[in-house]
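Report on the structure given below.
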Amino acid sequence: MALKSDTQLGQLAIARGLVDLATLLRCVSQSATAGTTLSELLVIDGHLSREQLDDLESYLESADRRLLQDEFELGDTLVLDEIFTPTESTEPLLEVPQTVAQTFRQTPPVKLARNTLPFGESSSAAAESPSELELEREQRYEFLDELGRGGMGQVVLAHDRILKRDIALKTLLPDTAEQGNPRDRLLQEAQVTGILEHPSIIPIYDLGALSNEEPYYTMRVVRERSLEQIIQEMAVGQEHAYSLTQLVSILRQVCLAVHYAHDRGVIHRDLKPENILIGAYGEVFVIDWGVAKVVNPDLGAVSQLGGDELGALVGTPQYMAPEQAQGENDAIDQRTDVYALGAILYEVLTLQPVFTAEHVLSLLFKAVQEEPAPPSARAPERSIPRELEDICLKALDKAPSNRYASAEAMADDLELFLEGVKERERRRQMAREAIERADEARAAYGRTHQKHAELMNELSHEKLNMTSWAPHHEKERVWALEQRVEDLQVEIERHFSEATRLYGQALGHLPEMSEARKALADLYWERFQEAEAAGERARATYFEGLVRQYNDGWYDQLLEGTARLTVLTHPEPAQAVLYEFVEVNRRLVERRMAELGETPVRNLELQHGSYVIELQRPGYVALQVPVRLDRMEERTLEIQLQRVDQVPDNFVVIAGGKFLSGELQAQNLEDHEQYLPDFGIMEAPVTCAEYLDFLNAVATDDLERAKKHAPRLEDGESYFPVSEDGQFSLPTEDAEGDRWDMNWPICMISYNDAVAYAAWRSKRDGFAYRLPSADEWEKAARGVDGRLYPWGNHFDPSFCRMRDSERGRPMPVSVHKYKMDRSPYGVRDMAGNVIEWTTTRAPSSDDRRIVQGASFGSIELMCRLDWHMDAQDDSRHAYLGFRLAMSL
């Protein structure tokens, strides 16, 4: 049997008292799972005999439209007492009072000339002779258009010639006389609606009968959209003009209108989005009171026209309360309408009905037995407010006693939500204003930061070109730049403070405001990076804590900092060992982490930080390759191994790649990245012994030329005495009373002397030696992580040979003495002993060169690897020496 027949049969079986609703609902559910028809299951379970089933089916075939409407959709209003027509085997379950039935007959018919319903052609003009009052009987209404129709009724747009206005006239459709008691229901709808004088209930203007004696009533024209249409449009993603708060406000007005009806003794029983109309100017109407239950005995002519006897079903299944779905009509009260209001709210929140089913009776079964899914679980993408969900579920409680006691109580809770929304909107507006001001401060912070970085670079260049002995007037520009940098730093902090204060203020207004939290996390992340790059661990920890405080997931991976490293060598394979730099006693020292095995090593996961890869292959120079891994970085190192016969014994190979140079600033580290190819550099500066070999070799052929390259102060005599046979030696005691050591770094050497030495030694050793460039020297000293000193970021005089390292008058020491003055590559004496020449010209002059490092007489500041000076090519000072480099 088809679904429609199943439904009709079930209705008829209930009407005749053969089964109760609970049994029927249970059988419907079982039939769906068992794969059999409802009728067969009723017989199999013994609820119906075969004869009773045959009788029901025969009756349904003969009843036709007299008993049931043509369409029986889930969304249609059900008045199932219409099938309770008396038969020989059952008593009538409904008697229509004769007073109601006679009401229409006693109403004087309105003569409308040729304008009768069903809707026909309108009359073009009123009669000329009768007065306007006479038009009430003759031609009061001019029919214009059909506004809509339902199962029994038709609504027509008409013009009231007396009151000069358009009205809506509702009457019955043709062929409805056999559908139960349509006239009585139309009368009840008109009377109930007329009694309920409320702004949200459409007013009734007139009640009467047409010339064909069909009843009608007139009311205000309703051209508004229904809430059902709005929800349907929202469900398919169409543009709509209603926010959630507006729809909740509309539903609150509906609750108040329904509460008014309850106070008057009327239960609607068919509340649903289709019966809620919304006007363009904010009007809200609750319509279709035709199946209302009237519980006030003082309402006179209005009577209960059916559907109130036990077992009858009245309403729309999707919005029926459990007691309504079970036909417990004596239990129906205002809380039944509250349930329907909850179902409407559910649909507003989720854009879906509370329950769906293919069978009407299955839908009723769900209404009785099944708990509704929370709206937030049904539609998680709609960000449903918790307060509305609680209101909705309370209204939908299966037990009437647990629902709102009245529609007004539900309206009060909706009002509290709306007041909260208003307060949140006020706070949101205040938060938005704070955000706008904070964004301005943040933009100013960014601009000032950028200007500060530019001035820092400019100041760095100026200092590079300025010698400590420059006169006062030449230093004034540097001082002016320093003052501007200091002023900008103050301005940076002011803008930073203002931005963070205002973003915090926005969060004070709206704690969940993601935009403000993200902005604060971004600002603190910048400061964290600055502190981390500068090696300021305490500040870095402080700002990292602030980032974590405001981080809502954006910085999870960055804070974790996992990076990936791939190591390739040419040729392969090479044995690789990984070391990490850890701080021990104020120095960064290598700590062995793991044997990586043979290269290639791919996708090695490491925390961001500074590491060293040790590479060894027989016949090739062992390499120390520092690597700096940024957070989330994926780095590939391609290392060219050098054969042992290509590199002199006392040279260190510096692998090609990027490194950080200069005075670093975290906000633009990329501006400080330099790339250099492979090169070699001496492990230590050229010593006195090595330089003596050069002087004596040159003296053999040209003593005078050798004397020109001998170490001496400006325009002074050579510190190295010459024997009678023309050979140089170290002084046993110089003019200052100092005894020289063969392992001292050579000093008092000009740039030209160093170049001459490189040329001589290249010829002797068979390698192309030269002096290092300033960048090569800095990379060999700092590695790739931008450290301030060869050993790390903290200074102590005991780590290198500078002015305060030892008691007494500062003097050079053996290049082997200060073993802590060692770079990540293993290059020594880069922060003390002697300042070293480079090939890089000073920006200010063609005859001046950058000199790098510090000497035995330098102060702490000069020991920093981001400190640069320059000297004239022919300068000779006690602190100037050099070391050799070579291209690879």
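Letters A, B, ... go to the chains of the structure tokens in the order shown; residues in each chain start at 1; ligands are counted from 1 in the same order.
Excluding Arg539 of chain A and any residue on its chain fewer than 3 positions from it, the residues at most 12 Å away by only C-alpha atoms are Tyr524, Trp525, Glu526, Arg527, Phe528, Gln529, Glu530, Ala531, Glu532, Ala533, Ala534, Gly535, Glu536, Tyr542, Phe543, Glu544, Gly545 and Leu546 of chain A.
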Saved selection, atoms kept: N, CA and C atoms, as a PDB file, in the first residue's frame:
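Generated file (part.pdb):
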ATOM      1  N   TYR A 524      53.861  41.394  19.674  1.00  0.00           N
ATOM      2  CA  TYR A 524      54.771  40.756  20.624  1.00  0.00           C
ATOM      3  C   TYR A 524      55.696  39.772  19.923  1.00  0.00           C
ATOM      4  N   TRP A 525      55.225  39.175  18.844  1.00  0.00           N
ATOM      5  CA  TRP A 525      56.101  38.282  18.072  1.00  0.00           C
ATOM      6  C   TRP A 525      57.268  39.060  17.477  1.00  0.00           C
ATOM      7  N   GLU A 526      57.022  40.259  16.970  1.00  0.00           N
ATOM      8  CA  GLU A 526      58.110  41.083  16.434  1.00  0.00           C
ATOM      9  C   GLU A 526      59.147  41.378  17.515  1.00  0.00           C
ATOM     10  N   ARG A 527      58.674  41.750  18.711  1.00  0.00           N
ATOM     11  CA  ARG A 527      59.611  42.062  19.781  1.00  0.00           C
ATOM     12  C   ARG A 527      60.346  40.807  20.249  1.00  0.00           C
ATOM     13  N   PHE A 528      59.641  39.687  20.229  1.00  0.00           N
ATOM     14  CA  PHE A 528      60.291  38.431  20.582  1.00  0.00           C
ATOM     15  C   PHE A 528      61.422  38.110  19.611  1.00  0.00           C
ATOM     16  N   GLN A 529      61.172  38.291  18.317  1.00  0.00           N
ATOM     17  CA  GLN A 529      62.206  38.022  17.324  1.00  0.00           C
ATOM     18  C   GLN A 529      63.408  38.941  17.507  1.00  0.00           C
ATOM     19  N   GLU A 530      63.143  40.220  17.781  1.00  0.00           N
ATOM     20  CA  GLU A 530      64.238  41.168  18.003  1.00  0.00           C
ATOM     21  C   GLU A 530      65.109  40.709  19.166  1.00  0.00           C
ATOM     22  N   ALA A 531      64.449  40.351  20.278  1.00  0.00           N
ATOM     23  CA  ALA A 531      65.203  39.958  21.462  1.00  0.00           C
ATOM     24  C   ALA A 531      65.969  38.659  21.207  1.00  0.00           C
ATOM     25  N   GLU A 532      65.332  37.723  20.516  1.00  0.00           N
ATOM     26  CA  GLU A 532      65.994  36.450  20.244  1.00  0.00           C
ATOM     27  C   GLU A 532      67.201  36.646  19.333  1.00  0.00           C
ATOM     28  N   ALA A 533      67.049  37.498  18.309  1.00  0.00           N
ATOM     29  CA  ALA A 533      68.157  37.745  17.395  1.00  0.00           C
ATOM     30  C   ALA A 533      69.309  38.447  18.096  1.00  0.00           C
ATOM     31  N   ALA A 534      68.976  39.285  19.085  1.00  0.00           N
ATOM     32  CA  ALA A 534      70.015  40.001  19.819  1.00  0.00           C
ATOM     33  C   ALA A 534      70.617  39.159  20.930  1.00  0.00           C
ATOM     34  N   GLY A 535      70.110  37.952  21.105  1.00  0.00           N
ATOM     35  CA  GLY A 535      70.620  37.092  22.153  1.00  0.00           C
ATOM     36  C   GLY A 535      70.179  37.500  23.545  1.00  0.00           C
ATOM     37  N   GLU A 536      69.122  38.305  23.637  1.00  0.00           N
ATOM     38  CA  GLU A 536      68.622  38.762  24.939  1.00  0.00           C
ATOM     39  C   GLU A 536      67.571  37.761  25.433  1.00  0.00           C
ATOM     40  N   TYR A 542      60.243  36.853  27.945  1.00  0.00           N
ATOM     41  CA  TYR A 542      59.110  37.705  28.339  1.00  0.00           C
ATOM     42  C   TYR A 542      58.138  37.876  27.182  1.00  0.00           C
ATOM     43  N   PHE A 543      58.664  38.229  26.014  1.00  0.00           N
ATOM     44  CA  PHE A 543      57.785  38.449  24.870  1.00  0.00           C
ATOM     45  C   PHE A 543      57.221  37.136  24.327  1.00  0.00           C
ATOM     46  N   GLU A 544      57.952  36.049  24.462  1.00  0.00           N
ATOM     47  CA  GLU A 544      57.398  34.759  24.064  1.00  0.00           C
ATOM     48  C   GLU A 544      56.175  34.427  24.913  1.00  0.00           C
ATOM     49  N   GLY A 545      56.235  34.736  26.208  1.00  0.00           N
ATOM     50  CA  GLY A 545      55.083  34.522  27.073  1.00  0.00           C
ATOM     51  C   GLY A 545      53.887  35.336  26.648  1.00  0.00           C
ATOM     52  N   LEU A 546      54.107  36.577  26.211  1.00  0.00           N
ATOM     53  CA  LEU A 546      53.012  37.418  25.745  1.00  0.00           C
ATOM     54  C   LEU A 546      52.431  36.884  24.434  1.00  0.00           C
TER      55      LEU A 546
END
### Task
Using backbone DSSP assignments, extract all strand (DSSP E) residues from segment 664-752 of chain A; output them as a PyMOL selection string.
chain A and resi 673-676+679-682
### Message
Rounded to one decimal, what separation in Å do you get between atom CA of Leu884 of chain A and atom CA of Glu778 of chain A?
### Response
13.7 Å
#### Entry: Distance query Phe659 of chain A at most 12 Å, only C-alpha atoms, self and fewer than 4 positions along chain excluded, as a ChimeraX atom specification
/A:610,625-629,654-655,664,669-677,775-787
### Task
Considering only C-alpha atoms, return as a list of chain:residue names whatever protein or nucleic-acid residues lie within 9 Å of segment 404-410 of chain A, sequence-local ones (same chain, fewer than 6 positions apart) excluded.
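Contacts, with the query itself left out: A:Arg252, A:Val254, A:Cys255, A:Leu256, A:Ala257, A:Val258, A:His259, A:Tyr260, A:His262, A:Gln334, A:Arg335, A:Asp337, A:Val338, A:Tyr339, A:Leu341, A:Gly342, A:Ile391, A:Lys394, A:Ala395.
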#### Entry: Selection: 12 Å around Pro648 of chain A, only C-alpha atoms, excl. self and same-chain fewer than 2 positions, as a list in words
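Returned residues: Val621, Gln642, Arg643, Val644, Asp645, Gln646, Asn650, Phe651, Val652, Val653, Gly680, Ile681, Met682, Glu683, Arg761, Ser762, Asp765, Gly766, Phe767, Ala768, Tyr769, Leu884, Ala885, Met886 and Leu888 of chain A.
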Selected residues, N, CA and C atoms, written as a PDB file, in the first residue's frame, please.
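New file out.pdb:
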ATOM      1  N   VAL A 621      89.688  17.490   3.036  1.00  0.00           N
ATOM      2  CA  VAL A 621      89.842  18.281   4.249  1.00  0.00           C
ATOM      3  C   VAL A 621      88.579  18.119   5.113  1.00  0.00           C
ATOM      4  N   GLN A 642      86.843  19.674  -0.262  1.00  0.00           N
ATOM      5  CA  GLN A 642      88.118  20.082  -0.858  1.00  0.00           C
ATOM      6  C   GLN A 642      89.180  19.014  -0.604  1.00  0.00           C
ATOM      7  N   ARG A 643      89.909  18.643  -1.667  1.00  0.00           N
ATOM      8  CA  ARG A 643      90.965  17.648  -1.495  1.00  0.00           C
ATOM      9  C   ARG A 643      92.090  18.235  -0.644  1.00  0.00           C
ATOM     10  N   VAL A 644      92.758  17.369   0.075  1.00  0.00           N
ATOM     11  CA  VAL A 644      93.790  17.843   1.000  1.00  0.00           C
ATOM     12  C   VAL A 644      94.934  18.526   0.271  1.00  0.00           C
ATOM     13  N   ASP A 645      95.210  18.142  -0.979  1.00  0.00           N
ATOM     14  CA  ASP A 645      96.306  18.781  -1.703  1.00  0.00           C
ATOM     15  C   ASP A 645      95.910  20.138  -2.283  1.00  0.00           C
ATOM     16  N   GLN A 646      94.645  20.552  -2.108  1.00  0.00           N
ATOM     17  CA  GLN A 646      94.194  21.845  -2.618  1.00  0.00           C
ATOM     18  C   GLN A 646      94.211  22.930  -1.555  1.00  0.00           C
ATOM     19  N   ASN A 650      97.803  24.990   7.245  1.00  0.00           N
ATOM     20  CA  ASN A 650      97.369  25.929   8.282  1.00  0.00           C
ATOM     21  C   ASN A 650      96.189  26.796   7.826  1.00  0.00           C
ATOM     22  N   PHE A 651      95.462  26.314   6.822  1.00  0.00           N
ATOM     23  CA  PHE A 651      94.273  27.037   6.346  1.00  0.00           C
ATOM     24  C   PHE A 651      92.995  26.290   6.755  1.00  0.00           C
ATOM     25  N   VAL A 652      91.924  27.065   6.971  1.00  0.00           N
ATOM     26  CA  VAL A 652      90.601  26.526   7.295  1.00  0.00           C
ATOM     27  C   VAL A 652      89.684  26.792   6.109  1.00  0.00           C
ATOM     28  N   VAL A 653      88.909  25.788   5.713  1.00  0.00           N
ATOM     29  CA  VAL A 653      87.958  25.941   4.608  1.00  0.00           C
ATOM     30  C   VAL A 653      86.646  26.515   5.153  1.00  0.00           C
ATOM     31  N   GLY A 680      89.251  29.844   1.559  1.00  0.00           N
ATOM     32  CA  GLY A 680      90.082  29.385   2.666  1.00  0.00           C
ATOM     33  C   GLY A 680      90.704  30.571   3.366  1.00  0.00           C
ATOM     34  N   ILE A 681      90.984  30.445   4.646  1.00  0.00           N
ATOM     35  CA  ILE A 681      91.590  31.517   5.421  1.00  0.00           C
ATOM     36  C   ILE A 681      92.526  30.893   6.443  1.00  0.00           C
ATOM     37  N   MET A 682      93.601  31.618   6.781  1.00  0.00           N
ATOM     38  CA  MET A 682      94.560  31.097   7.744  1.00  0.00           C
ATOM     39  C   MET A 682      93.913  30.908   9.108  1.00  0.00           C
ATOM     40  N   GLU A 683      94.318  29.845   9.759  1.00  0.00           N
ATOM     41  CA  GLU A 683      93.750  29.559  11.069  1.00  0.00           C
ATOM     42  C   GLU A 683      94.118  30.629  12.084  1.00  0.00           C
ATOM     43  N   ARG A 761     104.653  34.609  -0.730  1.00  0.00           N
ATOM     44  CA  ARG A 761     104.317  33.281  -0.232  1.00  0.00           C
ATOM     45  C   ARG A 761     103.553  32.467  -1.270  1.00  0.00           C
ATOM     46  N   SER A 762     102.761  33.133  -2.117  1.00  0.00           N
ATOM     47  CA  SER A 762     102.061  32.422  -3.200  1.00  0.00           C
ATOM     48  C   SER A 762     103.070  31.757  -4.109  1.00  0.00           C
ATOM     49  N   ASP A 765     104.759  28.785  -2.094  1.00  0.00           N
ATOM     50  CA  ASP A 765     103.949  27.611  -1.769  1.00  0.00           C
ATOM     51  C   ASP A 765     103.187  27.046  -2.970  1.00  0.00           C
ATOM     52  N   GLY A 766     103.072  27.824  -4.016  1.00  0.00           N
ATOM     53  CA  GLY A 766     102.323  27.350  -5.166  1.00  0.00           C
ATOM     54  C   GLY A 766     100.819  27.514  -5.040  1.00  0.00           C
ATOM     55  N   PHE A 767     100.341  28.369  -4.150  1.00  0.00           N
ATOM     56  CA  PHE A 767      98.922  28.682  -3.989  1.00  0.00           C
ATOM     57  C   PHE A 767      98.696  30.166  -4.261  1.00  0.00           C
ATOM     58  N   ALA A 768      97.483  30.496  -4.684  1.00  0.00           N
ATOM     59  CA  ALA A 768      97.161  31.899  -4.985  1.00  0.00           C
ATOM     60  C   ALA A 768      96.628  32.568  -3.724  1.00  0.00           C
ATOM     61  N   TYR A 769      97.547  33.060  -2.877  1.00  0.00           N
ATOM     62  CA  TYR A 769      97.138  33.714  -1.638  1.00  0.00           C
ATOM     63  C   TYR A 769      96.747  35.161  -1.899  1.00  0.00           C
ATOM     64  N   LEU A 884      96.243  35.585   5.719  1.00  0.00           N
ATOM     65  CA  LEU A 884      96.010  35.332   4.303  1.00  0.00           C
ATOM     66  C   LEU A 884      94.706  34.572   4.078  1.00  0.00           C
ATOM     67  N   ALA A 885      94.203  34.721   2.854  1.00  0.00           N
ATOM     68  CA  ALA A 885      93.025  33.967   2.413  1.00  0.00           C
ATOM     69  C   ALA A 885      93.296  33.456   1.010  1.00  0.00           C
ATOM     70  N   MET A 886      92.416  32.606   0.516  1.00  0.00           N
ATOM     71  CA  MET A 886      92.552  32.098  -0.845  1.00  0.00           C
ATOM     72  C   MET A 886      91.185  31.658  -1.357  1.00  0.00           C
ATOM     73  N   LEU A 888      88.694  29.182  -3.465  1.00  0.00           N
ATOM     74  CA  LEU A 888      88.651  27.726  -3.679  1.00  0.00           C
ATOM     75  C   LEU A 888      87.701  27.403  -4.824  1.00  0.00           C
TER      76      LEU A 888
END
### Message
Among segment 308-337 of chain A, which residues does DSSP mark as alpha helix (DSSP H) when it is run on the backbone? Keep the chain and numbering as in the structure and answer as an MDAnalysis selection string.
### Response
chainID A and resid 322:325 334:337
### A:Ala190, A:Leu660, A:Glu598, A:Thr636 ranked by distance to Gly208 of chain A, top pick (using only C-alpha atoms)
A:Ala190
### Query
By how many Å are atom CA of Gln30 of chain A and atom CA of Ser62 of chain A apart?
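Between these atoms lies a distance of 28.3 Å.
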#### Entry: Residues within 9 Å of Phe856 of chain A, only C-alpha atoms, excluding chain neighbours under 3 positions, as JSON, numbers by chain
{"A": [800, 801, 802, 803, 804, 805, 810, 811, 812, 813, 832, 833, 834, 835, 859, 879]}
Next, the residues of the selection above should be written as a PDB file, in the first residue's frame with C-alpha atoms.
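File result.pdb, as written:
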ATOM      1  CA  CYS A 800      90.553  37.095  24.016  1.00  0.00           C
ATOM      2  CA  ARG A 801      93.667  39.296  24.116  1.00  0.00           C
ATOM      3  CA  MET A 802      92.511  42.879  24.561  1.00  0.00           C
ATOM      4  CA  ARG A 803      93.479  45.759  26.817  1.00  0.00           C
ATOM      5  CA  ASP A 804      91.962  44.331  30.010  1.00  0.00           C
ATOM      6  CA  SER A 805      92.909  40.708  29.529  1.00  0.00           C
ATOM      7  CA  PRO A 810      99.118  45.653  26.904  1.00  0.00           C
ATOM      8  CA  MET A 811     101.280  43.492  24.687  1.00  0.00           C
ATOM      9  CA  PRO A 812     100.760  40.944  21.902  1.00  0.00           C
ATOM     10  CA  VAL A 813     100.742  37.279  22.914  1.00  0.00           C
ATOM     11  CA  GLY A 832      92.000  40.302  19.895  1.00  0.00           C
ATOM     12  CA  ASN A 833      95.803  40.336  19.562  1.00  0.00           C
ATOM     13  CA  VAL A 834      95.987  42.346  16.296  1.00  0.00           C
ATOM     14  CA  ILE A 835      93.588  44.205  14.019  1.00  0.00           C
ATOM     15  CA  ILE A 859      88.543  48.289  24.448  1.00  0.00           C
ATOM     16  CA  TYR A 879      98.010  46.971  16.457  1.00  0.00           C
TER      17      TYR A 879
END
#### Entry: Straight-line distance linking atom CA of Lys170 of chain A with atom CA of Glu274 of chain A, stated in Å to one decimal
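It comes out at 17.4 Å.
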Excluding Val348 of chain A and residues on its chain fewer than 6 positions from it, collect all residues at most 9 Å away from it, counting only C-alpha atoms, and give them as a PDB file with N, CA and C atoms, in the first residue's frame.
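Written file, selection34.pdb:
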ATOM      1  N   LEU A 227       7.669  34.059   7.051  1.00  0.00           N
ATOM      2  CA  LEU A 227       8.939  33.626   7.641  1.00  0.00           C
ATOM      3  C   LEU A 227       9.437  32.358   6.952  1.00  0.00           C
ATOM      4  N   ILE A 231      13.268  31.806   5.488  1.00  0.00           N
ATOM      5  CA  ILE A 231      14.121  30.686   5.911  1.00  0.00           C
ATOM      6  C   ILE A 231      14.537  29.848   4.706  1.00  0.00           C
ATOM      7  N   LEU A 244      20.236  37.447  12.339  1.00  0.00           N
ATOM      8  CA  LEU A 244      19.690  36.554  13.366  1.00  0.00           C
ATOM      9  C   LEU A 244      18.969  37.361  14.437  1.00  0.00           C
ATOM     10  N   LEU A 247      15.540  38.355  13.212  1.00  0.00           N
ATOM     11  CA  LEU A 247      14.592  37.242  13.202  1.00  0.00           C
ATOM     12  C   LEU A 247      14.169  36.871  14.623  1.00  0.00           C
ATOM     13  N   VAL A 248      15.106  36.950  15.564  1.00  0.00           N
ATOM     14  CA  VAL A 248      14.744  36.683  16.960  1.00  0.00           C
ATOM     15  C   VAL A 248      13.782  37.755  17.462  1.00  0.00           C
TER      16      VAL A 248
END
